[in-house]
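Asks: Would you mind keeping the following structure in view while I ask a few things?
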Amino acid sequence: MPGQPRVVLLKPLVTSPLIEVGEYSYYDDPEDATAFETRNVLYHYGPEKLVIGRFCALGTGVRFIMNGANHRMDGPSTFPFPTMGGSWAENFDLLTGLPGRGDTVVGNDVWFGNGATILAGVRIGHGAIIGTGSVVTKDVPDYGIVAGNPARLIRTRFEPGDIARLLAVAWWDWPAEQITAHVRTIMSGRVADLEAAAPAGRIPPR
């Protein structure tokens with residue numbers, strides 16, 4: 001971003017076919033924000049994907065721990081001997097077929113606080129907030145606020161009825177010019193104001 005060398009849009013930087021990032025999502029890091037793919041997405045050996053939606057804000061040090069971090073836990077030792085090579089590599093079958101939790105999926109308009117860690121297979125809903133230093137081990141609902149280690153749901157940002165209306169309006173899918181024209185409403189308006197600003201046909205009759 002102009003004048004903000006520590007802030008980068010992630011979509012143009014991603015090269016791995018196992019990572020998808022939506023438009024406008026950004027990462028903030030004073031050291032090397034451009035290295036997000038290798039420094040912040042860890043143990044990503046596939047085939048599971050990391051999917052991040054549009055308009056997400058990722059604070060410094062947010063990390064995604066992927067399924068490749070798994071070790072066997074059904075025997076006396078969790079040490080991954082075959083990865084060390086040599087004659088131990090003959091037992092590589094002991095590392096195949098480890099249980100995975102599937103893709104890690106982040107919705108749109110999610111705010112990640114500094115140093116948050118997201119474990120493999122977690123699904124984070126639209127509009128959620130992940131507190132600073134949180135370790136997210138399970139799914140986060142739409143517009144949920146979680147914090148802690150392990151992260152727990154503190155509250156939701158809106159009542160269930162309003163959450164349903166926000167999901168229906170899905171402002172993050174609007175054309176760019178529509179978003180630009182209604183930035184103030186998106187940031188500080190009421191749900192009804194957002195519905196009124198939506199493109200024609202976006203909101204079903206109530």
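In the structure tokens, chains take the letters A, B, ... in the order shown, each chain's residues start at 1, and ligands count up from 1 in the order shown.
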Using DSSP on the backbone coordinates, identify the residues of segment 76-171 of chain A assigned to alpha helix (DSSP H); present them as a list in words.
Replies: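 So, restricting segment 76-171 of chain A to alpha helix (DSSP H), we get Pro160, Gly161, Asp162, Ile163, Ala164, Arg165, Leu166, Leu167, Ala168 and Val169 of chain A.
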Asks: DSSP on the backbone, strand (DSSP E or B) only: what residues of segment 4-148 of chain A does that give? Format it as a PDB file with C-alpha atoms, in the first residue's frame.
Replies:
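The result, written out as selection_36.pdb:
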```pdb
ATOM      1  CA  VAL A   7       0.855  -3.648   4.626  1.00  0.00           C
ATOM      2  CA  VAL A   8       0.331  -5.878   1.586  1.00  0.00           C
ATOM      3  CA  LEU A   9      -2.644  -7.195  -0.327  1.00  0.00           C
ATOM      4  CA  ILE A  19      -4.018 -21.154  -1.020  1.00  0.00           C
ATOM      5  CA  GLU A  20      -6.876 -18.943  -2.169  1.00  0.00           C
ATOM      6  CA  VAL A  21      -7.272 -15.346  -0.983  1.00  0.00           C
ATOM      7  CA  TYR A  26      -4.414  -7.685   3.616  1.00  0.00           C
ATOM      8  CA  TYR A  27      -1.604  -8.617   5.988  1.00  0.00           C
ATOM      9  CA  ASP A  28       0.317  -6.178   8.217  1.00  0.00           C
ATOM     10  CA  VAL A  41       1.152 -20.705   6.493  1.00  0.00           C
ATOM     11  CA  LEU A  42       2.999 -23.559   8.178  1.00  0.00           C
ATOM     12  CA  LEU A  50      -6.332 -22.595   2.954  1.00  0.00           C
ATOM     13  CA  VAL A  51      -9.158 -20.371   1.718  1.00  0.00           C
ATOM     14  CA  ILE A  52      -9.425 -16.738   2.899  1.00  0.00           C
ATOM     15  CA  ALA A  57      -7.622  -7.910   7.918  1.00  0.00           C
ATOM     16  CA  LEU A  58      -4.731  -9.987   9.267  1.00  0.00           C
ATOM     17  CA  ARG A  63      -0.404 -18.040  11.532  1.00  0.00           C
ATOM     18  CA  PHE A  64      -2.268 -20.937  10.000  1.00  0.00           C
ATOM     19  CA  ILE A  65      -1.115 -24.380  11.165  1.00  0.00           C
ATOM     20  CA  THR A 104      -9.159 -24.321   6.546  1.00  0.00           C
ATOM     21  CA  VAL A 105     -11.772 -21.793   5.426  1.00  0.00           C
ATOM     22  CA  VAL A 106     -12.077 -18.139   6.417  1.00  0.00           C
ATOM     23  CA  TRP A 111     -10.491  -9.358  11.490  1.00  0.00           C
ATOM     24  CA  PHE A 112      -7.539 -11.264  12.971  1.00  0.00           C
ATOM     25  CA  THR A 117      -3.045 -18.931  15.504  1.00  0.00           C
ATOM     26  CA  ILE A 118      -5.562 -20.919  13.483  1.00  0.00           C
ATOM     27  CA  ARG A 123     -13.917 -22.727   9.564  1.00  0.00           C
ATOM     28  CA  ILE A 124     -14.334 -19.073  10.478  1.00  0.00           C
ATOM     29  CA  ILE A 129     -13.293 -11.151  15.031  1.00  0.00           C
ATOM     30  CA  ILE A 130     -10.338 -13.233  16.280  1.00  0.00           C
ATOM     31  CA  VAL A 135      -5.490 -20.083  19.413  1.00  0.00           C
ATOM     32  CA  VAL A 136      -8.495 -21.093  17.344  1.00  0.00           C
ATOM     33  CA  VAL A 140     -16.193 -19.721  14.700  1.00  0.00           C
ATOM     34  CA  GLY A 144     -18.666 -14.231  16.359  1.00  0.00           C
ATOM     35  CA  ILE A 145     -15.989 -12.695  18.588  1.00  0.00           C
ATOM     36  CA  VAL A 146     -13.538 -15.235  20.014  1.00  0.00           C
ATOM     37  CA  ALA A 147     -10.478 -14.889  22.228  1.00  0.00           C
ATOM     38  CA  GLY A 148      -8.179 -16.946  24.429  1.00  0.00           C
TER      39      GLY A 148
END
```
Asks: Might you pull out every residue within 8 Å of segment 180-188 of chain A, with only C-alpha atoms counted and same-chain residues fewer than 5 positions away left off, and present them as a PyMOL selection string?
Replies: chain A and resi 171+193-194+197
Asks: Suppose we keep C-alpha atoms; can you now write the selection as a PDB file, in the first residue's frame?
Replies:
```pdb
ATOM      1  CA  TRP A 171     -21.906  -6.475   0.876  1.00  0.00           C
ATOM      2  CA  ASP A 193     -29.267   1.224   5.872  1.00  0.00           C
ATOM      3  CA  LEU A 194     -27.084  -1.471   4.333  1.00  0.00           C
ATOM      4  CA  ALA A 197     -27.911   0.601  -0.236  1.00  0.00           C
TER       5      ALA A 197
END
```
Asks: Please produce, as a tab-separated table, a per-residue contact table for segment 37-58 of chain A versus segment 83-101 of chain A (criterion: any atom at most 12 Å away, only C-alpha atoms considered), showing the nearest atom pair and its distance in Å to one decimal, sorted by chain then residue number.
Replies:
```
residue	atom	partner	partner_atom	distance
A:His44	CA	A:Gly100	CA	11.9
A:Tyr45	CA	A:Gly100	CA	11.7
A:Gly46	CA	A:Gly100	CA	10.1
A:Pro47	CA	A:Gly100	CA	9.8
A:Glu48	CA	A:Gly100	CA	8.3
A:Lys49	CA	A:Arg101	CA	10.7
A:Leu50	CA	A:Arg101	CA	11.8
```
Asks: Next, write the just-selected residues to a file, as a CSV table (one decimal), in the first residue's frame, keeping all heavy atoms as the atom set.
Replies:
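See out-v8.csv below for the written result:
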```
chain,number,residue,atom,x,y,z
A,44,HIS,N,2.3,-26.8,5.3
A,44,HIS,CA,1.3,-26.9,4.3
A,44,HIS,C,1.8,-27.8,3.2
A,44,HIS,O,2.3,-27.4,2.1
A,44,HIS,CB,1.0,-25.5,3.8
A,44,HIS,CG,-0.3,-25.5,3.0
A,44,HIS,ND1,-0.7,-24.4,2.3
A,44,HIS,CD2,-1.3,-26.4,2.9
A,44,HIS,CE1,-1.9,-24.6,1.8
A,44,HIS,NE2,-2.3,-25.8,2.2
A,45,TYR,N,1.7,-29.1,3.4
A,45,TYR,CA,2.2,-30.1,2.4
A,45,TYR,C,1.0,-30.6,1.5
A,45,TYR,O,1.3,-31.5,0.7
A,45,TYR,CB,2.9,-31.2,3.1
A,45,TYR,CG,3.9,-30.8,4.1
A,45,TYR,CD1,3.9,-31.3,5.4
A,45,TYR,CD2,4.9,-29.8,3.8
A,45,TYR,CE1,4.8,-30.8,6.4
A,45,TYR,CE2,5.8,-29.3,4.7
A,45,TYR,CZ,5.8,-29.9,6.0
A,45,TYR,OH,6.7,-29.4,6.9
A,46,GLY,N,-0.2,-30.2,1.8
A,46,GLY,CA,-1.3,-30.6,1.0
A,46,GLY,C,-1.9,-32.0,1.4
A,46,GLY,O,-1.3,-32.7,2.2
A,47,PRO,N,-3.0,-32.3,0.8
A,47,PRO,CA,-3.8,-31.6,-0.3
A,47,PRO,C,-4.8,-30.6,0.2
A,47,PRO,O,-5.5,-30.0,-0.6
A,47,PRO,CB,-4.5,-32.8,-1.0
A,47,PRO,CG,-4.8,-33.7,0.1
A,47,PRO,CD,-3.6,-33.7,1.1
A,48,GLU,N,-4.9,-30.4,1.6
A,48,GLU,CA,-5.8,-29.5,2.1
A,48,GLU,C,-5.5,-28.1,1.7
A,48,GLU,O,-4.4,-27.7,1.6
A,48,GLU,CB,-5.9,-29.6,3.6
A,48,GLU,CG,-6.4,-31.0,4.1
A,48,GLU,CD,-5.3,-32.0,4.1
A,48,GLU,OE1,-4.1,-31.7,3.9
A,48,GLU,OE2,-5.6,-33.2,4.4
A,49,LYS,N,-6.6,-27.3,1.6
A,49,LYS,CA,-6.4,-25.9,1.1
A,49,LYS,C,-6.6,-24.9,2.3
A,49,LYS,O,-7.3,-25.2,3.3
A,49,LYS,CB,-7.4,-25.6,0.0
A,49,LYS,CG,-7.2,-26.2,-1.3
A,49,LYS,CD,-8.1,-25.7,-2.4
A,49,LYS,CE,-7.8,-26.2,-3.7
A,49,LYS,NZ,-8.7,-25.7,-4.8
A,50,LEU,N,-6.0,-23.7,2.1
A,50,LEU,CA,-6.3,-22.6,3.0
A,50,LEU,C,-7.1,-21.6,2.1
A,50,LEU,O,-6.6,-21.2,1.0
A,50,LEU,CB,-5.1,-21.9,3.5
A,50,LEU,CG,-5.2,-20.6,4.2
A,50,LEU,CD1,-6.1,-20.7,5.4
A,50,LEU,CD2,-3.9,-20.0,4.5
```
Asks: Counting only C-alpha atoms, figure out which residue out of A:Ile154, A:Pro17, A:Arg6, A:Gly59 gets nearest to Ala33 of chain A.
Replies: A:Arg6
Asks: Distance atom CA of Gly115 of chain A-atom CA of Glu159 of chain A, one decimal place?
Replies: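 Computed distance, atom CA of Gly115 of chain A to atom CA of Glu159 of chain A, equals 28.3 Å.
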Asks: Would you mind listing what lies within 8 Å of Tyr24 of chain A as a compact mmCIF listing (two decimals) with C-alpha atoms, in the first residue's frame, with only C-alpha atoms counted and same-chain residues fewer than 6 positions away left out?
Replies:
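Dumped everything to selection08.txt:
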```
# COMPACT_ATOMS: atom_id res chain seq x y z
CA LEU A 9 -2.64 -7.19 -0.33
CA LEU A 10 -2.33 -10.98 -0.22
CA LYS A 11 -4.06 -12.11 -3.40
CA ARG A 54 -12.48 -10.92 0.71
CA PHE A 55 -11.90 -7.86 2.89
CA CYS A 56 -10.10 -9.75 5.67
```
Asks: From the list A:Gly189, A:Gly125, A:Gly161, A:Pro199, which residue is nearest Glu177 of chain A when using only C-alpha atoms?
Replies: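 Of A:Gly189, A:Gly125, A:Gly161, A:Pro199, the one nearest Glu177 of chain A is A:Pro199, counting only C-alpha atoms.
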